[in-house]
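Next comes target.pdb, with PDB, C-alpha atoms.
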ATOM      1  CA  MET A   1     -16.517 -17.171  -1.634
ATOM      2  CA  SER A   2     -16.161 -14.078   0.538
ATOM      3  CA  ASP A   3     -15.774 -10.559  -0.872
ATOM      4  CA  ILE A   4     -12.958  -8.341   0.467
ATOM      5  CA  PHE A   5     -12.800  -4.664  -0.508
ATOM      6  CA  VAL A   6      -9.087  -3.764  -0.610
ATOM      7  CA  PHE A   7      -7.500  -0.326  -1.137
ATOM      8  CA  THR A   8      -4.052   1.095  -1.720
ATOM      9  CA  PHE A   9      -3.780   4.697  -0.539
ATOM     10  CA  ASN A  10      -0.760   7.012  -0.405
ATOM     11  CA  ILE A  11      -2.025   9.611   2.080
ATOM     12  CA  LEU A  12       0.852  12.101   1.546
ATOM     13  CA  THR A  13       3.169  12.732   4.426
ATOM     14  CA  ASP A  14       3.436  16.090   6.193
ATOM     15  CA  TRP A  15       7.002  17.251   5.555
ATOM     16  CA  TYR A  16       9.035  20.157   4.201
ATOM     17  CA  GLY A  17       6.325  22.605   5.148
ATOM     18  CA  ASN A  18       3.362  20.526   3.989
ATOM     19  CA  GLU A  19       1.987  20.634   7.521
ATOM     20  CA  LYS A  20       1.380  24.374   6.992
ATOM     21  CA  ALA A  21       0.025  24.128   3.441
ATOM     22  CA  SER A  22      -3.620  24.157   2.411
ATOM     23  CA  TYR A  23      -3.303  20.449   1.589
ATOM     24  CA  SER A  24      -1.835  19.507   4.981
ATOM     25  CA  PHE A  25      -3.066  16.266   6.518
ATOM     26  CA  GLU A  26      -4.844  18.284   9.194
ATOM     27  CA  ASN A  27      -6.971  19.862   6.461
ATOM     28  CA  ARG A  28      -7.411  16.666   4.467
ATOM     29  CA  SER A  29      -8.176  14.298   7.316
ATOM     30  CA  ARG A  30     -11.845  15.251   7.389
ATOM     31  CA  LEU A  31     -12.113  14.096   3.777
ATOM     32  CA  LEU A  32     -10.967  10.643   4.818
ATOM     33  CA  GLU A  33     -13.861  10.524   7.263
ATOM     34  CA  ASN A  34     -16.407  12.064   4.891
ATOM     35  CA  HIS A  35     -15.480  10.239   1.690
ATOM     36  CA  PHE A  36     -12.971   7.428   1.976
ATOM     37  CA  LEU A  37     -14.584   5.597   4.887
ATOM     38  CA  ALA A  38     -17.957   5.880   3.130
ATOM     39  CA  TYR A  39     -16.731   3.129   0.775
ATOM     40  CA  HIS A  40     -16.505   0.716   3.721
ATOM     41  CA  PRO A  41     -13.097  -0.822   2.945
ATOM     42  CA  ASP A  42     -12.078  -4.056   4.635
ATOM     43  CA  LEU A  43      -8.323  -3.844   4.136
ATOM     44  CA  VAL A  44      -6.122  -0.840   3.318
ATOM     45  CA  GLY A  45      -2.448  -0.488   2.517
ATOM     46  CA  PHE A  46      -1.469   3.089   3.422
ATOM     47  CA  GLN A  47       1.821   4.692   2.389
ATOM     48  CA  GLU A  48       3.653   7.779   3.717
ATOM     49  CA  ALA A  49       2.032   7.758   7.158
ATOM     50  CA  MET A  50       4.154   9.743   9.601
ATOM     51  CA  PRO A  51       3.739   8.920  13.329
ATOM     52  CA  HIS A  52       1.106  11.615  13.869
ATOM     53  CA  GLN A  53      -0.796  10.422  10.796
ATOM     54  CA  LYS A  54      -0.669   6.822  11.962
ATOM     55  CA  LYS A  55      -1.983   8.021  15.340
ATOM     56  CA  TRP A  56      -4.866   9.771  13.577
ATOM     57  CA  LEU A  57      -5.694   6.568  11.686
ATOM     58  CA  GLU A  58      -5.600   4.580  14.938
ATOM     59  CA  ASP A  59      -7.868   7.082  16.696
ATOM     60  CA  ASN A  60     -10.357   7.636  13.885
ATOM     61  CA  LEU A  61     -10.577   4.334  12.024
ATOM     62  CA  THR A  62     -12.353   2.859  15.011
ATOM     63  CA  ASP A  63     -13.468  -0.288  13.182
ATOM     64  CA  PHE A  64      -9.876  -1.084  12.208
ATOM     65  CA  ASN A  65      -6.593  -2.112  13.687
ATOM     66  CA  VAL A  66      -3.639  -0.228  12.175
ATOM     67  CA  VAL A  67      -0.330  -2.116  12.168
ATOM     68  CA  GLY A  68       3.206  -1.425  11.032
ATOM     69  CA  ASN A  69       6.189   0.707  12.000
ATOM     70  CA  GLY A  70       8.212   3.521  10.484
ATOM     71  CA  ARG A  71      11.089   3.060   8.059
ATOM     72  CA  GLY A  72      13.766   4.804  10.138
ATOM     73  CA  SER A  73      16.445   3.139  12.239
ATOM     74  CA  ASP A  74      14.366   4.173  15.270
ATOM     75  CA  PHE A  75      11.196   2.657  13.728
ATOM     76  CA  ARG A  76       9.727   6.114  13.203
ATOM     77  CA  ASP A  77       9.535   8.328  10.077
ATOM     78  CA  GLU A  78       7.170   7.318   7.241
ATOM     79  CA  SER A  79       5.417   3.973   7.407
ATOM     80  CA  CYS A  80       3.520   1.594   5.135
ATOM     81  CA  VAL A  81       0.859   0.671   7.652
ATOM     82  CA  ILE A  82      -1.912  -1.831   7.009
ATOM     83  CA  ALA A  83      -5.413  -1.245   8.355
ATOM     84  CA  TYR A  84      -7.684  -4.268   8.655
ATOM     85  CA  ARG A  85     -11.290  -4.413   9.783
ATOM     86  CA  LYS A  86     -10.960  -5.918  13.250
ATOM     87  CA  GLY A  87     -14.429  -7.445  13.321
ATOM     88  CA  ARG A  88     -13.602  -9.427  10.216
ATOM     89  CA  PHE A  89      -9.911 -10.335  10.512
ATOM     90  CA  GLU A  90      -7.555 -11.597  13.163
ATOM     91  CA  LEU A  91      -3.862 -10.712  12.909
ATOM     92  CA  ILE A  92      -1.792 -13.899  13.112
ATOM     93  CA  GLY A  93       1.532 -12.536  11.865
ATOM     94  CA  LEU A  94       3.270  -9.178  11.351
ATOM     95  CA  ASP A  95       6.642  -8.307   9.891
ATOM     96  CA  THR A  96       8.517  -5.324   8.470
ATOM     97  CA  PHE A  97      11.621  -5.649   6.330
ATOM     98  CA  TRP A  98      13.834  -3.036   4.729
ATOM     99  CA  LEU A  99      14.435  -2.974   0.984
ATOM    100  CA  SER A 100      18.187  -3.315   1.198
ATOM    101  CA  PRO A 101      20.988  -5.908   1.161
ATOM    102  CA  THR A 102      20.316  -6.286   4.920
ATOM    103  CA  PRO A 103      16.498  -6.372   5.141
ATOM    104  CA  ASP A 104      16.474  -7.072   8.872
ATOM    105  CA  VAL A 105      18.569  -3.988   9.692
ATOM    106  CA  PRO A 106      16.311  -1.015  10.539
ATOM    107  CA  GLY A 107      16.961   2.057   8.414
ATOM    108  CA  SER A 108      19.095   0.215   5.830
ATOM    109  CA  ARG A 109      18.853   0.875   2.101
ATOM    110  CA  PHE A 110      20.495   0.162  -1.251
ATOM    111  CA  GLN A 111      23.566   2.323  -1.794
ATOM    112  CA  LYS A 112      23.899   2.341  -5.595
ATOM    113  CA  ASP A 113      21.188   4.703  -6.857
ATOM    114  CA  GLN A 114      18.585   4.877  -4.117
ATOM    115  CA  SER A 115      17.518   8.168  -2.586
ATOM    116  CA  GLU A 116      18.462   8.926   1.006
ATOM    117  CA  CYS A 117      15.131   7.446   2.115
ATOM    118  CA  PRO A 118      15.021   3.931   3.532
ATOM    119  CA  ARG A 119      12.209   1.856   2.035
ATOM    120  CA  ILE A 120      10.194  -0.897   3.693
ATOM    121  CA  CYS A 121       7.567  -3.538   3.150
ATOM    122  CA  THR A 122       4.992  -4.330   5.832
ATOM    123  CA  VAL A 123       3.532  -7.839   5.886
ATOM    124  CA  ALA A 124       0.337  -8.731   7.739
ATOM    125  CA  THR A 125      -0.830 -12.347   7.861
ATOM    126  CA  LEU A 126      -4.572 -12.335   8.436
ATOM    127  CA  LEU A 127      -7.234 -14.882   9.328
ATOM    128  CA  GLU A 128     -10.746 -14.164   8.092
ATOM    129  CA  LYS A 129     -12.809 -15.053  11.134
ATOM    130  CA  GLU A 130     -15.989 -16.209   9.381
ATOM    131  CA  THR A 131     -14.384 -18.592   6.886
ATOM    132  CA  GLY A 132     -11.136 -19.462   8.657
ATOM    133  CA  LYS A 133      -9.216 -18.635   5.475
ATOM    134  CA  GLN A 134      -5.822 -16.944   5.645
ATOM    135  CA  LEU A 135      -3.974 -14.449   3.448
ATOM    136  CA  ARG A 136      -0.827 -12.355   3.454
ATOM    137  CA  HIS A 137      -0.965  -8.643   2.686
ATOM    138  CA  TYR A 138       2.297  -6.987   1.571
ATOM    139  CA  ASN A 139       2.313  -3.182   1.474
ATOM    140  CA  THR A 140       5.216  -1.105   0.173
ATOM    141  CA  HIS A 141       6.459   2.194  -1.248
ATOM    142  CA  LEU A 142       9.328   1.862  -3.716
ATOM    143  CA  ASP A 143      12.051   4.463  -4.130
ATOM    144  CA  HIS A 144      11.290   7.585  -6.166
ATOM    145  CA  VAL A 145      14.807   8.081  -7.564
ATOM    146  CA  GLY A 146      16.726   4.947  -8.462
ATOM    147  CA  ALA A 147      15.571   2.594 -11.229
ATOM    148  CA  ASP A 148      17.917  -0.090  -9.937
ATOM    149  CA  ALA A 149      16.728   0.420  -6.362
ATOM    150  CA  LYS A 150      13.120   0.001  -7.476
ATOM    151  CA  LEU A 151      13.873  -3.264  -9.268
ATOM    152  CA  ARG A 152      16.003  -4.644  -6.461
ATOM    153  CA  GLY A 153      13.392  -3.614  -3.919
ATOM    154  CA  MET A 154      10.577  -5.338  -5.777
ATOM    155  CA  SER A 155      12.759  -8.404  -6.393
ATOM    156  CA  LEU A 156      13.339  -8.616  -2.645
ATOM    157  CA  ILE A 157       9.598  -8.411  -1.963
ATOM    158  CA  LEU A 158       8.845 -11.187  -4.454
ATOM    159  CA  LEU A 159      11.608 -13.342  -2.988
ATOM    160  CA  ARG A 160      10.136 -12.862   0.486
ATOM    161  CA  MET A 161       6.707 -13.815  -0.879
ATOM    162  CA  VAL A 162       8.108 -17.085  -2.228
ATOM    163  CA  GLN A 163       9.905 -17.834   1.038
ATOM    164  CA  ASP A 164       6.756 -17.126   3.054
ATOM    165  CA  TYR A 165       4.628 -19.185   0.664
ATOM    166  CA  ASN A 166       6.983 -22.152   0.874
ATOM    167  CA  ARG A 167       6.793 -22.059   4.668
ATOM    168  CA  ARG A 168       3.011 -21.804   4.690
ATOM    169  CA  ALA A 169       0.985 -21.546   1.489
ATOM    170  CA  MET A 170      -1.758 -18.943   1.297
ATOM    171  CA  PRO A 171      -2.992 -16.268  -1.160
ATOM    172  CA  VAL A 172      -1.222 -12.917  -1.316
ATOM    173  CA  ILE A 173      -2.153  -9.283  -1.855
ATOM    174  CA  LEU A 174       0.455  -6.682  -2.783
ATOM    175  CA  THR A 175      -0.467  -3.007  -2.489
ATOM    176  CA  GLY A 176       1.705   0.014  -2.891
ATOM    177  CA  ASP A 177       3.059   3.088  -4.551
ATOM    178  CA  PHE A 178       5.604   1.596  -6.959
ATOM    179  CA  ASN A 179       6.766   4.958  -8.386
ATOM    180  CA  SER A 180       6.685   3.040 -11.676
ATOM    181  CA  GLU A 181       4.232   3.098 -14.568
ATOM    182  CA  PRO A 182       2.754   0.076 -16.380
ATOM    183  CA  ASP A 183       5.427   0.151 -19.104
ATOM    184  CA  SER A 184       8.222  -0.162 -16.535
ATOM    185  CA  ASP A 185      10.533  -3.062 -15.721
ATOM    186  CA  VAL A 186       9.128  -3.092 -12.196
ATOM    187  CA  TYR A 187       5.590  -3.643 -13.461
ATOM    188  CA  ARG A 188       6.729  -6.362 -15.867
ATOM    189  CA  LEU A 189       8.531  -8.084 -12.996
ATOM    190  CA  VAL A 190       5.359  -8.327 -10.919
ATOM    191  CA  GLU A 191       2.660  -8.923 -13.541
ATOM    192  CA  GLY A 192       2.276 -12.667 -13.969
ATOM    193  CA  PHE A 193       4.855 -13.516 -11.286
ATOM    194  CA  ASP A 194       4.348 -17.199 -10.561
ATOM    195  CA  GLY A 195       5.973 -18.049  -7.254
ATOM    196  CA  CYS A 196       3.026 -18.226  -4.852
ATOM    197  CA  GLY A 197       0.666 -20.740  -6.420
ATOM    198  CA  GLU A 198      -1.433 -18.764  -8.892
ATOM    199  CA  PRO A 199       0.235 -15.874 -10.806
ATOM    200  CA  LEU A 200       0.007 -12.300  -9.531
ATOM    201  CA  ARG A 201      -2.211  -9.978 -11.559
ATOM    202  CA  ASP A 202      -2.837  -6.246 -11.563
ATOM    203  CA  VAL A 203      -6.516  -6.003 -10.641
ATOM    204  CA  THR A 204      -6.875  -2.260 -11.291
ATOM    205  CA  PRO A 205      -5.472  -1.882 -14.833
ATOM    206  CA  GLU A 206      -8.252   0.387 -16.058
ATOM    207  CA  THR A 207      -8.211   3.024 -13.328
ATOM    208  CA  GLY A 208      -6.095   5.550 -15.227
ATOM    209  CA  ASP A 209      -3.622   7.910 -13.569
ATOM    210  CA  THR A 210      -3.356   7.601  -9.795
ATOM    211  CA  PHE A 211      -0.883  10.401  -9.000
ATOM    212  CA  HIS A 212      -2.119  13.944  -9.709
ATOM    213  CA  GLY A 213      -0.051  16.143  -7.389
ATOM    214  CA  PHE A 214      -3.120  18.333  -6.685
ATOM    215  CA  HIS A 215      -3.224  19.248 -10.378
ATOM    216  CA  PRO A 216      -5.920  16.869 -11.666
ATOM    217  CA  ASP A 217      -6.306  18.711 -14.978
ATOM    218  CA  GLU A 218      -2.694  17.983 -15.922
ATOM    219  CA  LYS A 219      -1.171  14.701 -17.035
ATOM    220  CA  GLY A 220      -0.586  12.420 -14.082
ATOM    221  CA  GLU A 221       0.961   8.979 -13.598
ATOM    222  CA  LYS A 222      -0.366   5.514 -12.864
ATOM    223  CA  ILE A 223       1.954   4.356 -10.088
ATOM    224  CA  ASP A 224      -0.360   2.885  -7.399
ATOM    225  CA  TYR A 225      -1.332  -0.776  -7.654
ATOM    226  CA  ILE A 226      -3.103  -3.770  -6.205
ATOM    227  CA  PHE A 227      -1.667  -7.119  -7.301
ATOM    228  CA  THR A 228      -3.044 -10.441  -6.093
ATOM    229  CA  ASN A 229      -3.519 -14.097  -6.956
ATOM    230  CA  LEU A 230      -7.040 -14.026  -5.539
ATOM    231  CA  SER A 231     -10.018 -13.905  -7.892
ATOM    232  CA  CYS A 232     -11.272 -10.418  -8.717
ATOM    233  CA  ASP A 233     -14.184  -8.858 -10.603
ATOM    234  CA  ARG A 234     -12.202  -6.052 -12.243
ATOM    235  CA  SER A 235     -15.384  -4.302 -13.374
ATOM    236  CA  ARG A 236     -15.962  -3.345  -9.725
ATOM    237  CA  SER A 237     -12.519  -1.777  -9.200
ATOM    238  CA  VAL A 238     -12.641   1.912  -8.255
ATOM    239  CA  ILE A 239     -10.513   5.046  -8.137
ATOM    240  CA  LEU A 240     -11.636   7.824  -5.808
ATOM    241  CA  HIS A 241     -11.628  11.329  -7.278
ATOM    242  CA  GLU A 242     -13.669  12.852  -4.444
ATOM    243  CA  ASN A 243     -12.757  16.364  -3.334
ATOM    244  CA  GLU A 244     -14.234  19.307  -1.465
ATOM    245  CA  ASP A 245     -13.786  22.651  -3.215
ATOM    246  CA  GLY A 246     -10.691  21.371  -4.989
ATOM    247  CA  LEU A 247      -9.111  19.811  -1.900
ATOM    248  CA  TYR A 248      -8.439  16.130  -2.585
ATOM    249  CA  LEU A 249      -7.927  13.187  -0.258
ATOM    250  CA  SER A 250      -4.225  13.205  -1.173
ATOM    251  CA  ASP A 251      -1.917  13.907  -4.092
ATOM    252  CA  HIS A 252      -2.699  10.293  -5.059
ATOM    253  CA  TYR A 253      -6.146   8.892  -5.775
ATOM    254  CA  PRO A 254      -6.993   5.871  -3.604
ATOM    255  CA  VAL A 255      -7.555   2.730  -5.669
ATOM    256  CA  GLY A 256      -9.767  -0.174  -4.598
ATOM    257  CA  ALA A 257     -10.694  -3.655  -5.763
ATOM    258  CA  HIS A 258     -13.125  -6.371  -4.711
ATOM    259  CA  LEU A 259     -11.304  -9.666  -4.161
ATOM    260  CA  GLU A 260     -12.734 -13.104  -3.471
ATOM    261  CA  ILE A 261     -11.324 -15.463  -0.883
TER     262      ILE A 261
END
Represent the structure contained in this file as structure tokens.
Amino acid sequence: MSDIFVFTFNILTDWYGNEKASYSFENRSRLLENHFLAYHPDLVGFQEAMPHQKKWLEDNLTDFNVVGNGRGSDFRDESCVIAYRKGRFELIGLDTFWLSPTPDVPGSRFQKDQSECPRICTVATLLEKETGKQLRHYNTHLDHVGADAKLRGMSLILLRMVQDYNRRAMPVILTGDFNSEPDSDVYRLVEGFDGCGEPLRDVTPETGDTFHGFHPDEKGEKIDYIFTNLSCDRSRSVILHENEDGLYLSDHYPVGAHLEI
């Protein structure tokens, strides 16, 4: 068995004036270098990375390749990029699809109750160089408004997982900001899903709230997850509360888990 340290991390986009706020990415980026990278992750699903934030990840995560495109019709805007340790993995497949009735149409979305934001899922198929084993990593950010859009979006992701698995069977990892708590229909849809060999399981159920909105003393929400059908020692799962003088890595806590392949 080989241990893979996987994270899901919503890094908070710079928008609507955030780029000028005290918690702008420019101010927080040093924390990623000082604290997040100190955990030596192997594989990270990032959410909300704008083009300049993706560029920062590409320039500063020098041991990683960062893959994925933006959710807009021009392939820009926010992205759900995947960063993999390039000395350990080889990229053998990459895809992005839109959570919509037309998943291959850039910028498309559900019309019923979804926000104005398109939503995407990035899929990286990876080969672990040392063992020759393969896996698929799906990384997403579900809608923050529509309950139906969330369910339909997750249903589409699970359907794509089954289709991919039937073409070529391999283990899967699903990371993301689901904008849904553990008592939600979305969570119940994913937990125990049995379409890719072994059932999917939430491997970070004990982390507590993951969204704090820069108000860690107030009640937050558990909305960030790692699901997989790989083996996992859940006692080693982590949630990162690191901060410098009250400035946190993001308005979400990164969550990590050790998986075995």
Find the residues around Leu91 in chain A up to 8 Å (only C-alpha atoms counted), leave out those fewer than 4 positions away in its own chain, and share them as a short mmCIF file (atom, residue, chain, number, x, y, z; two decimals) with C-alpha atoms, in the coordinates of the input.
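So the final result, stored in selection-v1.cif, reads:
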data_model
loop_
_atom_site.label_atom_id
_atom_site.label_comp_id
_atom_site.auth_asym_id
_atom_site.auth_seq_id
_atom_site.Cartn_x
_atom_site.Cartn_y
_atom_site.Cartn_z
CA ALA A 124 0.34 -8.73 7.74
CA THR A 125 -0.83 -12.35 7.86
CA LEU A 126 -4.57 -12.34 8.44
CA LEU A 127 -7.23 -14.88 9.33
#
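The smallest atom-to-atom distance between Gly45 in chain A and any of A:Arg71, A:His141, A:Arg109, A:His215, using all atoms listed in the file, is found for A:His141.
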Please enclose the listed atoms of range 187-192 of chain A in an axis-aligned box, pad each side by 4 Å, and write out the centre and the three edge lengths in Å, rounded to one decimal, as AutoDock Vina command-line options.
--center_x 5.4 --center_y -8.2 --center_z -13.4 --size_x 14.3 --size_y 17.0 --size_z 12.9
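Close contacts of Lys219 in chain A, defined as residues with an atom at most 12 Å away when counting all atoms listed in the file, with chain neighbours fewer than 4 positions off set aside, comprise Gly208, Asp209, Thr210, Phe211, His212, Gly213, Phe214 and His215 of chain A.
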Result set, the PyMOL selection byres ((chain A and resi 25-39) around 8) on current file, as JSON, numbers by chain: {"A": [12, 13, 14, 19, 22, 23, 24, 40, 41, 53, 240, 242, 243, 244, 247, 248, 249, 250]}
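Picked by the PyMOL selection byres ((chain A and resi 155) around 12) from the coordinates shown: Leu99, Ser100, Pro101, Cys121, Leu142, Asp148, Ala149, Lys150, Leu151, Arg152, Gly153, Met154, Leu156, Ile157, Leu158, Leu159, Arg160, Met161, Val162, Asp185, Val186, Tyr187, Arg188, Leu189, Val190, Phe193 and Gly195 of chain A.
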